[in-house]
Structures are given as C-alpha cells and as structure tokens.
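To start, the structure under review is shown below, and the notes come after it.
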Number of protein chains: 2
Amino acid sequence: MKVIEKIREAVEGNGQTVFSFEYFPPKTEEGVENLFERMDRMVKHNPTFCDITWGAGGSTADVTLEIANRMQNMVCVETMMHLTCTNMPVEKIDHALTTIKNNGIQNVLALRGDPPHGQDKFVQVEGGFACALDLVKHMRAQYGDYFGITVAGYPEAHPDQIQGECAAHDAYQNDLVYLKQKVDAGADVIVTQLFYDTDIFLKFVDDCRQIGITCPIVPGIMPINNYRGFIRMTGFCKTKIPAELTAALEPIKDNEEAVRAYGIHFGTEMCKKILASGIKTLHLYTLNMEKSALAILTNLGLIEESKITRSLPWRPPTNVFRVKEDVRPIFWANRPKSYISRTVGWEQYPRGRWSDSKNPSYGALTDHQFLRPRSRDKKLQKDWAVPLKCVEDIYERFANFCLGILSSSPWSDLEGLQPESKIIDAQLGMINQKGFLSINSQPSVNGEKSDSPSIGWGGSGGYVYQKAYLEFFCSEEKLKSLVEKCKSIPSLTFTAVNKDGKSITNIGDPSEVNAVTWGVFPGKEIIQPTVVDPDSFMVWKDEAFELWTKAWACLFPDGDLSKQLLEQVQKTYFLVSLVDNDYVHGDIFAVFKDL
Amino acid sequence: MKVIEKIREAVEGNGQTVFSFEYFPPKTEEGVENLFERMDRMVKHNPTFCDITWGAGGSTADVTLEIANRMQNMVCVETMMHLTCTNMPVEKIDHALTTIKNNGIQNVLALRGDPPHGQDKFVQVEGGFACALDLVKHMRAQYGDYFGITVAGYPEAHPDQIQGECAAHDAYQNDLVYLKQKVDAGADVIVTQLFYDTDIFLKFVDDCRQIGITCPIVPGIMPINNYRGFIRMTGFCKTKIPAELTAALEPIKDNEEAVRAYGIHFGTEMCKKILASGIKTLHLYTLNMEKSALAILTNLGLIEESKITRSLPWRPPTNVFRVKEDVRPIFWANRPKSYISRTVGWEQYPRGRWSDSKNPSYGALTDHQFLRPRSRDKKLQKDWAVPLKCVEDIYERFANFCLGILSSSPWSDLEGLQPESKIIDAQLGMINQKGFLSINSQPSVNGEKSDSPSIGWGGSGGYVYQKAYLEFFCSEEKLKSLVEKCKSIPSLTFTAVNKDGKSITNIGDPSEVNAVTWGVFPGKEIIQPTVVDPDSFMVWKDEAFELWTKAWACLFPDGDLSKQLLEQVQKTYFLVSLVDNDYVHGDIFAVFKDL
C-alpha cells in the first residue's frame with residue numbers, strides 16, 4: 001500500500017498520530033541480522049512504514065534491494081526504499097525499480113543523492129539523472145501510478161544550495177520552488193531533512209502551504225545519541241543548533257548516557273511542539289538504534305509495551321501481491337518466515353475460505369529454510385547442544401523451553417513461547433515431561449474482548465475466540481494410548497503422521513478445514529485467520545521432521561550418541577495435531593491425565 | 001443430489017434410518033396450493049426425498065413438471081419425478097427430462113406406466129418406448145450420469161404379468177430378471193409397489209440379492225386411510241391382503257376414523273418388522289395426506305415435532321445449481337420463495353463471502369412476487385382488511401401480529417412469527433405500539449448449543465450465535481429521535497431508506513457485510529449463513545415498500561380512506577435495518593425506551 005494512502009487513512013480517516021522509522025544498510029552480515037532482529041521488535045509498535053537508505057554512491061545497491069525485500073516480505077512492514085541518482089545510469093535505476101516492484105514494494109524515496117565517494121560535488125553520471133525531479137518524472141512516466149513517491153524537503157534549504165553563490169534567503173526560496181516542482185511531477189509525500197529548531201520546520205510547512213504544496217510534510221527527527229556524531233551530522237547538513245541545545249549539551253558532552261537521556265528529552269519536546277501545531281506525522285531517523293526512538297514515542301504516549309495491538313493473530317503481509325491474505329494454517333505459527341517463503345509463488349492467497357486453494361503447491365523445502373541468524377544459532381548451541389543419554393533428556397529440553405528456562409527452540413524462530421502459550425506453560429511443561437513434545441499450542445478462548453492483552457487482535461469492540469490446539473511429537477506407543485483415550489472425549493479431533501507419511505486420524509472428512517481462531521466484530525463478517533487443515537499439515541510435517549536433524553542433531557558431531565538418539569526419534573515418532581473443538585467447556589490437557 | 005448418494009451418506013455413512021414421501025398432482029389449482037402447504041409442513045421433518053407421480057396418460061404432464069419444479073426450488077426438498085412411457089413419444093420424454101434438468105432436478109422414477117385412459121392394455125406409442133427398461137437405457141445414453149434413476153420393484157410381480165398366461169411363479173421370476181436388467185441398464189435405487197404382507201417384501205429383497213441386485217430396495221408403504229380406497233387399490237394392484245388385516249378391518253369398515261387409526265397401527269407394525277430386518281429406508285405413499293404418514297413415522301421414533309432439526313437457519317436449496325449456496329441476506333427471511341425466484345438466474349451463489357457477488361443483479365420485482373396462495377389471501381383479508389382511521393390503527397395490526405393475535409402479515413409468507421422471534425414477542429409488541437412497525441427480527445444468541453430448540457441449527461456438538469436484528473418501518477420524525485439515541489449506543493449499526501431511496505446510515509464502509517447468524521462446529525470453518533449487507537438491502541426495500549400497496553392496500557376498494565392512509569405511509573415512512581453488534585451484553589430494545 002502506498003504510504004500516502006496509509007497516512008490518509010490513519011490521520012484523516014481516524015485522527016491518529018502516525019510515525020515511521022528510518023534505517024541504513026549495515027556493513028557486515030552480522031550487522032544485517034542484528035538490524036532485522038531490532039526491526040522485528042520495533043515493527044510490533046505498528047509504524048506506518050519503515051525506510052531503508054540507498055547505499056552511498058551505489059556501492060551497496062544489492063544489499064539495499066535485499067534488505068528492502070526482507071523488510072516488506074519477511075518483517076512484513078510497509079517498506080520505503082531510498083533511491084538516488086548518484087552513479088546510477090537509467091538501466092540501474094530501472095533494475096532497482098523493477099526488482100522492488102516484483103517484490104511487492106510500492107514506496108520509494110526519490111533523491112538526488114550525495115556526491116560520489118571521494119568527490120565534493122554531485123556529478124550527473126552518463127545516462128543518468130541530474131536531480132530528484134528527473135527521477136520522479138521518470139518513475140511516473142515509466143511506472144504510472146504503481147509507486148508511492150516520497151521526496152525530501154529541506155527546512156533550511158539543501159546544503160549544496162547554501163554552498164553555492166546564492167544568499168541564504170534565495171537558496172531557501174529556490175529550494176521551495178524546486179520542492180513544488182517535485183510534488184507537481186508526482187511525489188505524494190514529503191519527508192524533511194533533520195532539524196533541531198522546530199520553529200524553522202513549522203515556518204517551512206507554512207511556506208510550503210503558501211506556494212500551494214498540499215501533501216503531507218513529515219518532520220524528520222534524529223534523536224541525539226552521542227555528542228560527536230551530532231556535531232558531525234549537523235555540520236554536514238548545515239543544521240542550525242538552537243543556543244539552548246548547545247548550552248545543555250556542552251557540560252555533558254563526554255557523558256554518553258547523559259547525552260542520550262538529554263537527546264530523548266529534547267526530541268520529545270520537539271515532537272510535542274510539532275504535534276501541538278496540528279501535524280500528526282513523525283519520521284524518526286533511528287541510525288539503526290532502537291532505544292531513543294522508542295523512548296521518544298513512549299514519552300509522547302504513542303506506544304506502550306503492554307498495549308501492542310495486533311490486527312490479526314499473525315503479522316499480516318504488506319506485499320502488494322498478498323495484502324488480501326486473511327487465513328493461514330496454524331502449523332507455521334512459530335516459523336512465519338518459512339511459511340511466507342514457501343508460499344511466495346502463489347497466484348492467489350486464500351480469501352476467506354482455505355478450500356479455495358486446496359492442495360496448494362507449497363514451495364519446496366529448501367536448505368535456506370533451515371538457515372537462521374547467527375545470534376539464534378548461538379542460543380540454540382547453548383540451549384540444545386547438551387549431551388543426550390536417553391529420551392527423557394529430550395523431554396527435559398522441550399519442557400524447559402515451555403517453562404521459560406530455555407528461550408530458543410529448533411522448531412521456533414521466535415524468542416520463547418508465544419505470549420498466549422505462556423498462559424498454559426505449566427500444563428505444557430507437564431505433557432512434555434510425559435513425552436508429548438510440544439512445538440505449537442494455543443489455549444482455548446471463549447469470547448474475550450478483542451482488545452485484551454496477549455490474546456486480543458483486530459482492534460476494539462469485538463470478541464475473539466480460539467479452539468485449544470496442541471501439536472507435539474510422541475512415540476507410537478504413547479500415540480496409541482492417546483488415541484484410545486480420545487474415544488471418550490468426542491470434542492477432540494486429531495491427525496497424527498510419522499516421517500514416512502503413515503497417518504492416523506479421527507476426522508471423518510479428511511478435506512475439512514477447522515477454524516481454530518476467529519473474531520466477531522461490529523458490522524463485519526466473522527474473521528477466521530487461523531485454521532487447521534489436513535492438506536497443509538501433510539506439507540508441514542516434512543518440515544517439522546527435518547528440524548530434528550537440520551536444526552538440532554546438526555549441533556552434534558557425526559557419530560555422536562546424542563545425534564543418533566535424535567535421528568532415532570525422528571525416524572520413529574509421530575507428529576500429532578490435536579484440537580479441542582469445545583472451546584466453551586473443554587480442557588485439552590484432560591486427555592493427558594493418567595497417560 | 002442423487003437419491004442414491006443421499007441414502008448412502010445417511011444409511012451407510014451415519015447409520016440413520018431414512019424416509020420419503022410420495023404425492024400425486026392434484027386436479028385443481030386450489031388442490032395444488034393445499035398440497036404445497038402440506039408439503040412445506042411435512043418437509044420440515046427432513047425426508048430424504050419426495051416424489052411426484054406422472055399425470056396418468058400424460059394428461060397433466062405440464063402440471064407435473066411445474067409441481068416438480070416448485071418442489072425442488074421453492075419447497076427445497078430433493079425431488080424425484082415419475083416419468084412414464086404412456087403416450088410419450090421420445091420428443092416428449094426429452095422435453096420433460098430437459099425441463100427438469102434445467103430446473104436443477106436430478107432424480108427420476110422411470111416407469112412404463114399404466115395403459116392409456118380408457119384402455120385395458122399398455123400400448124407402445126409410435127416413436128415411444130415399450131417399457132421402463134427402454135426408458136432407463138435412453139436416459140443413460142442421452143444424459144449420462146446426470147440423473148439418479150429409480151425403478152419400480154414388484155414384490156408380487158407386475159399385475160400385467162399375472163394377467164398374462166404365465167403362472168404366478170413364472171411371472172414373479174420373469175419380473176425379477178427384468179428388474180435386474182433395469183438395474184444393469186443404470187437404475188440405482190428400487191422403490192417397491194405397495195404391499196401389506198411384509199414377509200412377501202422381505203422374501204423379495206432376498207430373491208433380488210440372490211440374483212445379484214445390490215442397490216437399495218426401498219419398501220413402498222401405503223397407510224390405509226379408508227376401507228373402500230384400500231379395497232380398490234389392492235384389487236388394482238393385485239396385492240395380497242393378510243387374513244389378519246381383513247379380519248381387523250371388516251368389523252370397522254364403515255368407521256373411517258377407526259380404519260385410519262388401525263391403518264396407522266398396521267403400517268407402524270409393518271415398518272417395525274422391516275426395520276428389524278436391517279432395512280433402513282421407508283417410502284410412504286401419502287395419497288397427498290399428511291396425518292397417517294407422519295403418525296407412523298412418529299410411532300417409529302423417526303420424527304418428533306419438538307425435535308425438528310435445521311441444517312441451516314433457512315431451508316437450504318436442493319437444486320443442483322445452488323446446493324453450494326451458504327449465505328443469504330436476512331431481509332427475505334419471511335419471504336424465502338421471493339428470494340429464490342429473484343436470484344434464480346444467478347451464475348454462482350455466494351460461497352462463504354457475500355462480497356464475491358457484490359452488487360448482484362437481483363431478478364426484477366414482478367407481479368408474481370406478490371401472488372399468494374388463496375388460503376393466505378383469505379387470512380390476510382380477515383386479519384388486515386379492517387378499516388383504518390389513523391396510523392395508530394396500523395400500529396395495532398403490526399403489534400397484534402407480533403403478539404400472535406393475528407397469524408398472517410402482508411410482509412410474511414409464513415404462519416405467524418418465526419419461532420425464534422416468538423422469544424421476543426412482547427418487546428416487539430411494545431415497539432410496534434410505539435410506531436416502529438417491525439417486519440423482521442431475531443434475538444441475540446450468545447453461544448447456545450447447536451441442537452437447542454427454536455434457535456439451534458447445523459446438528460449437535462456446535463454452538464450458534466446471533467446478533468440481535470430488527471427491521472421496521474417508521475415515520476421520519478421517529479427515525480430522527482432514534483438516530484439521535486443511537487449515538488450513545490456504539491454497538492448499534494443501522495441503515496434507513498425511504499421509498500424514493502433517500503437513505504441515512506451510521507455504517508462507515510457502506511460495502512461492509514455484517515454476519516448476523518453464525519455457528520461454530522467441530523472440525524469445521526465458522527459457518528455464517530445470514531448477513532446484513534447494504535447492497536441487497538437497497539434491492540429489498542423496493543419489495544418491502546411495494547407490499548404496503550400490493551399486499552395490504554389492495555384489500556380495500558379504490559378511494560377508500562384506509563387505502564389512502566396506507567399509501568400515505570408508504571410514501572413517507574422509512575424502512576430501517578438495525579443490528580446490535582454486541583451479542584454478549586447488548587439489548588437492542590433499550591434504544592426504544594423513552595421514544
């Protein structure tokens with residue numbers, strides 16, 4: 001979705017204040033992984049969009065394209081990619097635009113860009129563009145209305161203009177006229193250069209309105225993180241520093257903590273003044289850091305850790321090709337990125353009814369499915385590469401994960417249990433100790449308010465429901481006892497399957513899809529975003545069994561007894577999907593008593 | 001759906017005992033209307049199918065085709081049409097088959113038929129068929145697998161065979177061989193000729209199995225209704241009458257009540273013996289009468305007035321083209337036949353999501369939409385053609401209908417309120433007396449068991465829900481007060497419109513569909529069969545306003561003051577659709593207090 005549409009909907013439609021985060025491409029692979037973990041946490045607070053800057057001088061163009069792709073499709077945040085003219089002949093420009101278009105990204109921040117590395121002045125490359133205006137025109141000419149285009153606004157004029165011969169006032173006026181040209185050429189949002197004098201920004205907005213610029217003008221706020229960086233950046237951008245700010249920073253400039261704390265205070269005050277003027281959009285230059293940006297938003301009352309809202313139980317896609325996706329099998333709940341990548345080639349995403357795309361051809365299971373960020377590898381190594389002597393040692397690992405003693409699991413990309421599974425952690429621990437090795441679960445919910453913490457989703461005014469769900473591995477012997485006990489509890493439905501596909505179920509119609517999470521909202525149809533469907537369970541089981549070796553046994557050297565034990569379990573155990581259909585009176589854990 | 005599939009699903013799949021009813025085409029129009037009212041009541045008990053005999057000698061062929069069409073599409077019962085060879089050249093046969101195929105009927109009982117009127121022996125018509133076997137072969141050759149074909153079985157041989165030179169035993173054997181040929185040619189169910197000696201039937205079934213007939217053999221049971229009819233029928237069919245039956249009937253033959261009572265007793269005993277043998281299908285020759293057939297089924301414990309089950313809140317279609325229909329707007333709840341006829345031309349019925357066929361082109365409103373059976377006309381005349389002096393007199397009519405004092409309404413094809421609306425009849429009476437003239441309503445339901453009386457549907461093991469709904473006419477002044485009060489109750493959504501299309505609503509997105517009835521069942525997606533959708537409300541309002549004149553004002557002579565009053569109301573009132581979205585804590589009637 002275009003950023004302009006999101007801003008209009010939120011600000012004009014619902015009177016909300018919105019915010020966004022800016023990041024830059026890290027230089028190392030590990031830096032990239034760390035950035036994504038940070039982004040994942042920050043995106044929970046529902047920024048309107050996040051943007052990623054273009055590798056300076058085009059040197060990290062491919063990295064930028066790949067980061068933008070992962071942001072839009074894996075982090076599932078509305079992504080805006082910066083694109084500059086520096087060292088970019090039109091073919092490269094079009095390569096970048098076509099790539100992100102194919103990846104379902106709709107937003108670009110069109111810039112001229114800095115001078116090429118080692119040069120002082122911007123130089124137009126052969127076959128390239130001289131300025132952002134040319135780039136905007138090219139985008140509209142070549143790609144019509146597909147892209148939402150944002151351009152930069154300079155409350156203190158572009159530094160290059162000031163460097164030139166013009167007097168400061170003329171530079172400012174010229175820059176305003178040029179900005180109007182960019183908007184007239186098709187840009188639909190303006191984000192400003194950083195500033196520290198709020199009055200200058202507010203005057204800039206007034207001046208823009210005077211010359212007929214009507215689109216949103218989003219203030220770019222850069223929290224002060226450390227003194228030297230601040231001085232370098234403001235020097236580079238020729239930003240005016242208010243005397244008050246200098247006076248406050250000077251005495252504490254060597255105390256990084258104090259500078260950051262003051263930076264948060266100062267940023268908060270700037271934003272308060274901006275919001276008080278009636279502007280309801282904020283753009284935060286994070287410099288890939290988390291704390292200051294979140295602290296400012298917290299101070300403003302725009303975010304609250306305990307009030308993180310979810311529009312669906314899983315993070316909905318932002319990719320323009322799959323925005324209508326409204327139902328997912330529960331199986332990949334702890335591996336959403338794997339699900340997204342395995343279904344990326346789908347022509348159409350299930351609309352309302354899973355059965356519309358029955359027997360979907362899930363993408364093949366590839367090795368990259370089992371790749372994980374190094375930081376997670378380290379955690380797994382620490383938590384799970386512990387020597388195993390018998391199956392009880394395996395039970396203990398699983399139980400410890402459920403009880404929060406371990407925070408990583410080979411079957412989950414997430415940190416610890418899902419918040420809602422924490423509600424049933426003690427019962428989970430109990431069944432794991434008995435050898436029912438759970439990898440996915442949700443408690444039953446009978447009409448909780450849709451804005452209640454942990455469980456709620458979809459906004460306020462509605463009611464949400466869940467059928468209790470458990471998915472676990474167990475031995476064939478334990479499975480037999482369980483199947484026997486299920487006969488006396490008619491509300492339980494299960495499907496079990498081993499690695500080779502031998503399956504057993506008590507579901508009459510094997511094509512029937514079971515909705516296990518649904519919500520009832522004012523004036524709407526019933527929304528049912530999570531299902532247990534037998535077809536996709538058979539696809540998921542390959543992935544689930546693979547993880548025994550590719551995510552766990554691989555932590556041990558070849559020939560190790562622990563490794564052999566895990567391979568034995570993988571070969572002989574069953575994966576069981578169990579639903580208690582009685583979400584009103586049922587107790588899914590009752591069936592495990594006396595087992 | 002084919003009868004064979006329905007029998008297999010119920011008997012083999014779920015171990016149920018099934019039954020069906022047979023009717024014949026009445027000779028008068030009034031007889032036809034009475035038959036349909038009777039059928040409507042009988043079909044509530046969920047017969048597997050109903051069949052309609054073919055006009056003897058083909059004289060009432062068109063009537064039979066039309067009755068079959070109405071059975072399948074208006075009564076919504078799986079319909080089997082008899083088709084005979086008497087006086088039917090192949091073109092006429094194909095005309096009949098093509099007609100019912102186009103009407104979505106899938107089941108035919110293929111018969112040779114009786115001799116033409118005034119003749120003793122069956123004569124093959126030129127260009128026609130000599131026997132049922134030819135008809136079965138023709139149907140399979142011309143129509144492939146489309147039709148479910150049933151044929152007649154004669155436990156005492158076909159009467160014509162016995163009339164011939166063959167000895168009775170030979171006749172029986174020949175008939176068995178012939179029956180096998182009919183099955184081999186493509187028949188998939190056998191229904192037997194009537195009989196009164198159950199042993200003969202059971203031996204017949206054994207003999208059929210011996211020669212390799214494996215399809216269901218459904219016993220045809222004709223309850224004895226009066227003595228003379230019984231003697232005539234058994235004589236015509238050459239049916240053996242057990243001595244016990246003659247002995248019991250002889251002394252009471254002039255007491256019609258006693259004969260019928262004994263007939264019910266005897267029929268019950270016959271059926272008990274048949275069911276005890278393991279046969280789980282019963283076909284009842286009703287002779288267009290209701291009591292005896294239902295009494296036998298009640299004695300057998302197969303039906304119970306208080307336990308009528310509904311698979312959906314509205315009677316689902318059986319027409320092969322619309323069997324997937326699973327959602328309807330609530331507006332036509334009291335005029336289902338009008339809804340069916342207005343949507344008969346649809347290419348596709350909404351599957352799960354109403355929005356799939358948004359802005360559907362509902363069939364035009366035609367005069368036949370306002371035609372009603374004479375019996376209902378009489379009731380309307382009695383209840384509603386009462387002189388009206390002021391609007392309060394109108395309020396009183398509406399209130400009396402809600403309170404059960406009147407059983408007919410110009411806005412309803414049904415007898416009295418829907419059972420679930422009776423739960424709120426006192427509140428309905430109250431708002432009607434205040435001038436909010438209700439024509440449709442449902443109470444809120446928060447997770448009642450799906451098999452609870454009046455409200456339940458979809459079988460057992462699930463939970464059903466409803467948002468409270470009210471639809472009413474009221475003056476513009478009253479509407480204004482209501483709109484004002486709605487502002488303080490955020491869970492209420494409404495749309496109001498007058499005859500000319502002037503509308504007012506508090507629904508933000510006017511295309512949003514609101515599910516007002518849904519059910520949660522084991523192992524299934526959420527089923528949401530009734531919706532309030534703004535698009536179809538605008539179509540419905542034309543019909544609703546028309547009924548003021550075409551169903552009510554028309555009962556008064558031209559120029560009558562009552563008529564003028566009704567026309568005035570039609571011109572000035574608004575039709576209001578009101579939903580209380582809080583089905584957990586809401587009270588939809590609260591908004592009417594102090595109005």
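So you can find residues: chains in the structure tokens are A, B, ... in the order shown, residues in each start at 1, and ligands are numbered from 1 in order.
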inquiry  = Taking only C-alpha atoms into account, find every residue of chain A that has an atom no more than 9 Å from chain B, and write it out as a ChimeraX atom specification.
reply    = /A:351-354,447,461-463,490-493,507,512-516,518,520-528,531-532,579-582,584
message = I'd like the contact shell of Gly263 of chain B - 9 Å cut-off, only C-alpha atoms, skipping same-chain residues fewer than 6 positions apart - returned as number ranges by chain.
response = B: 223-226, 249, 292
request  = If you run DSSP over the backbone, which residues in segment 209-281 of chain B end up strand (DSSP E or B)? Put them as JSON, numbers by chain.
outcome  = {"B": [217, 218, 219, 220, 221, 281]}
task = Would you list, as a VMD selection string, the residues of segment 473-546 of chain B that end up in helix (DSSP H, G or I) under DSSP run on this structure's backbone?
result = chain B and resid 476 to 486 534 to 546
query = B:Gln381, B:Tyr262, B:Ile588, B:Phe24: which is nearest Ala247 of chain B, counting only C-alpha atoms?
reply =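 Closest candidate: B:Tyr262.
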request  = Could you jot down the atom CA of Pro25 of chain B to atom CA of Leu109 of chain B separation for me, Å, one decimal place?
outcome  =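 One can read the atom CA of Pro25 of chain B to atom CA of Leu109 of chain B distance as 15.1 Å.
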task = Write out as a ChimeraX atom specification each polymer residue whose atoms come within 12 Å of segment 210-212 of chain B, counting only C-alpha atoms; drop sequence neighbours fewer than 2 positions from it.
result = /B:173-181,183-184,203-208,214-215
request  = Between atom CA of Arg38 of chain B and atom CA of Met71 of chain B, measure the distance and give it in Å to one decimal.
outcome  =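 If I compute the distance from atom CA of Arg38 of chain B to atom CA of Met71 of chain B, I get 11.7 Å.
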Leaving out segment 436-444 of chain B and any residue of its chain fewer than 2 positions from it, which residues lie within 6 Å of it when counting only C-alpha atoms, given as a tab-separated table (two decimals) with N, CA and C atoms, in the first residue's frame?
```
chain	number	residue	atom	x	y	z
B	421	SER	N	-38.34	-15.51	16.84
B	421	SER	CA	-38.85	-14.17	17.13
B	421	SER	C	-39.90	-14.21	18.23
B	431	ILE	N	-42.63	-2.13	20.77
B	431	ILE	CA	-42.11	-1.12	19.83
B	431	ILE	C	-43.11	-0.86	18.70
B	432	ASN	N	-43.88	-1.89	18.32
B	432	ASN	CA	-44.89	-1.68	17.28
B	432	ASN	C	-45.97	-0.72	17.75
B	434	LYS	N	-45.50	1.64	19.58
B	434	LYS	CA	-44.91	2.98	19.54
B	434	LYS	C	-44.71	3.51	18.12
B	466	GLN	N	-26.06	-15.28	17.32
B	466	GLN	CA	-26.77	-14.30	16.51
B	466	GLN	C	-26.56	-12.90	17.08
B	467	LYS	N	-26.48	-11.94	16.18
B	467	LYS	CA	-26.60	-10.56	16.61
B	467	LYS	C	-28.08	-10.20	16.55
B	468	ALA	N	-28.57	-9.46	17.55
B	468	ALA	CA	-29.97	-9.06	17.53
B	468	ALA	C	-30.23	-8.20	16.30
B	469	TYR	N	-31.38	-8.46	15.66
B	469	TYR	CA	-31.72	-7.73	14.44
B	469	TYR	C	-33.16	-7.25	14.50
B	470	LEU	N	-33.40	-6.05	14.04
B	470	LEU	CA	-34.75	-5.53	13.91
B	470	LEU	C	-34.87	-4.79	12.59
B	471	GLU	N	-35.98	-5.05	11.90
B	471	GLU	CA	-36.24	-4.30	10.68
B	471	GLU	C	-37.66	-3.76	10.79
B	472	PHE	N	-37.82	-2.48	10.56
B	472	PHE	CA	-39.14	-1.88	10.79
B	472	PHE	C	-39.33	-0.64	9.94
B	473	PHE	N	-40.61	-0.29	9.75
B	473	PHE	CA	-40.95	0.99	9.14
B	473	PHE	C	-41.23	1.99	10.26
B	474	CYS	N	-40.88	3.25	10.03
B	474	CYS	CA	-41.30	4.28	10.98
B	474	CYS	C	-41.30	5.63	10.29
B	583	TYR	N	-23.60	-8.91	20.85
B	583	TYR	CA	-24.49	-10.05	21.11
B	583	TYR	C	-24.21	-10.64	22.50
```
message = Can you measure atom CA of His82 of chain B to atom CA of Thr53 of chain B for me? One decimal in Å is fine.
response =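 Going from atom CA of His82 of chain B over to atom CA of Thr53 of chain B covers 4.9 Å.
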ask   = Got a sec: who's within 10 Å of Glu256 of chain A, counting only C-alpha atoms, leaving out chain neighbours fewer than 3 positions off, as a PyMOL selection string?
value = chain A and resi 225-228+252-253+259-262
Selection above as a file: N, CA, C and O atoms, as a PDB file, in the first residue's frame:
```pdb
ATOM      1  N   ASN A 225      22.218  10.904  19.896  1.00  0.00           N
ATOM      2  CA  ASN A 225      22.682   9.706  20.591  1.00  0.00           C
ATOM      3  C   ASN A 225      24.037   9.898  21.239  1.00  0.00           C
ATOM      4  O   ASN A 225      24.306   9.381  22.309  1.00  0.00           O
ATOM      5  N   ASN A 226      24.897  10.624  20.523  1.00  0.00           N
ATOM      6  CA  ASN A 226      26.159  10.986  21.169  1.00  0.00           C
ATOM      7  C   ASN A 226      26.645  12.305  20.577  1.00  0.00           C
ATOM      8  O   ASN A 226      26.246  12.703  19.477  1.00  0.00           O
ATOM      9  N   TYR A 227      27.471  12.972  21.332  1.00  0.00           N
ATOM     10  CA  TYR A 227      27.814  14.358  21.012  1.00  0.00           C
ATOM     11  C   TYR A 227      28.581  14.492  19.706  1.00  0.00           C
ATOM     12  O   TYR A 227      28.252  15.321  18.864  1.00  0.00           O
ATOM     13  N   ARG A 228      29.581  13.641  19.530  1.00  0.00           N
ATOM     14  CA  ARG A 228      30.411  13.806  18.334  1.00  0.00           C
ATOM     15  C   ARG A 228      29.629  13.523  17.050  1.00  0.00           C
ATOM     16  O   ARG A 228      29.744  14.209  16.054  1.00  0.00           O
ATOM     17  N   ILE A 252      27.751  18.205  29.310  1.00  0.00           N
ATOM     18  CA  ILE A 252      27.661  16.747  29.483  1.00  0.00           C
ATOM     19  C   ILE A 252      28.225  15.996  28.288  1.00  0.00           C
ATOM     20  O   ILE A 252      28.043  14.782  28.162  1.00  0.00           O
ATOM     21  N   LYS A 253      28.944  16.707  27.403  1.00  0.00           N
ATOM     22  CA  LYS A 253      29.287  16.111  26.120  1.00  0.00           C
ATOM     23  C   LYS A 253      30.127  14.845  26.229  1.00  0.00           C
ATOM     24  O   LYS A 253      30.121  14.022  25.324  1.00  0.00           O
ATOM     25  N   VAL A 259      24.095  12.403  27.500  1.00  0.00           N
ATOM     26  CA  VAL A 259      23.751  12.980  26.187  1.00  0.00           C
ATOM     27  C   VAL A 259      22.516  12.291  25.626  1.00  0.00           C
ATOM     28  O   VAL A 259      21.579  12.926  25.147  1.00  0.00           O
ATOM     29  N   ARG A 260      22.517  10.940  25.709  1.00  0.00           N
ATOM     30  CA  ARG A 260      21.387  10.202  25.143  1.00  0.00           C
ATOM     31  C   ARG A 260      20.095  10.558  25.896  1.00  0.00           C
ATOM     32  O   ARG A 260      19.056  10.775  25.270  1.00  0.00           O
ATOM     33  N   ALA A 261      20.191  10.636  27.216  1.00  0.00           N
ATOM     34  CA  ALA A 261      18.999  10.977  28.013  1.00  0.00           C
ATOM     35  C   ALA A 261      18.486  12.357  27.650  1.00  0.00           C
ATOM     36  O   ALA A 261      17.282  12.571  27.477  1.00  0.00           O
ATOM     37  N   TYR A 262      19.430  13.296  27.488  1.00  0.00           N
ATOM     38  CA  TYR A 262      19.005  14.639  27.114  1.00  0.00           C
ATOM     39  C   TYR A 262      18.420  14.633  25.701  1.00  0.00           C
ATOM     40  O   TYR A 262      17.438  15.315  25.401  1.00  0.00           O
TER      41      TYR A 262
END
```
request  = Name the residues in contact with Ser311 of chain A at a cut-off of 10 Å, using only C-alpha atoms, excluding same-chain residues fewer than 5 positions from it; report them as a PyMOL selection string.
outcome  = chain A and resi 46+316+450+456-459
Now that the selection is made, can you save its residues with C-alpha atoms as a PDB file, in the first residue's frame?
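What follows is the written file out_3.pdb:
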```pdb
ATOM      1  CA  ASN A  46       2.945  -0.528  14.194  1.00  0.00           C
ATOM      2  CA  PRO A 316      -0.332  -9.550   8.112  1.00  0.00           C
ATOM      3  CA  SER A 450     -10.773  -8.135  21.126  1.00  0.00           C
ATOM      4  CA  GLY A 456      -6.791  -9.871  21.564  1.00  0.00           C
ATOM      5  CA  TRP A 457      -6.464  -8.765  17.954  1.00  0.00           C
ATOM      6  CA  GLY A 458      -8.439  -6.786  15.370  1.00  0.00           C
ATOM      7  CA  GLY A 459      -8.991  -3.641  17.411  1.00  0.00           C
TER       8      GLY A 459
END
```
ask   = Which neighbours of Ala553 of chain A fall inside 8 Å, counting only C-alpha atoms, when residues of the same chain fewer than 3 positions from it are skipped, and could you give them as JSON, numbers by chain?
value = {"A": [548, 549, 550, 556, 562, 563, 566, 567]}
Write the selection just made, keeping C-alpha atoms, as a short mmCIF file (atom, residue, chain, number, x, y, z; two decimals), in the first residue's frame?
```
data_model
loop_
_atom_site.label_atom_id
_atom_site.label_comp_id
_atom_site.auth_asym_id
_atom_site.auth_seq_id
_atom_site.Cartn_x
_atom_site.Cartn_y
_atom_site.Cartn_z
CA TRP A 548 15.08 -32.83 14.24
CA THR A 549 18.25 -33.20 12.22
CA LYS A 550 18.78 -29.91 10.39
CA PHE A 556 26.41 -32.56 17.48
CA SER A 562 23.14 -37.68 21.10
CA LYS A 563 22.91 -37.33 17.34
CA LEU A 566 17.73 -37.71 17.80
CA GLU A 567 17.83 -39.49 14.45
#
```
request  = Choose the residue, out of A:Lys480, A:Glu5, A:Ser460, A:Gly404, that has the smallest atom-to-atom separation from Ile424 of chain A; count only C-alpha atoms.
outcome  =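 Checking each candidate against Ile424 of chain A, we get A:Gly404 as the closest.
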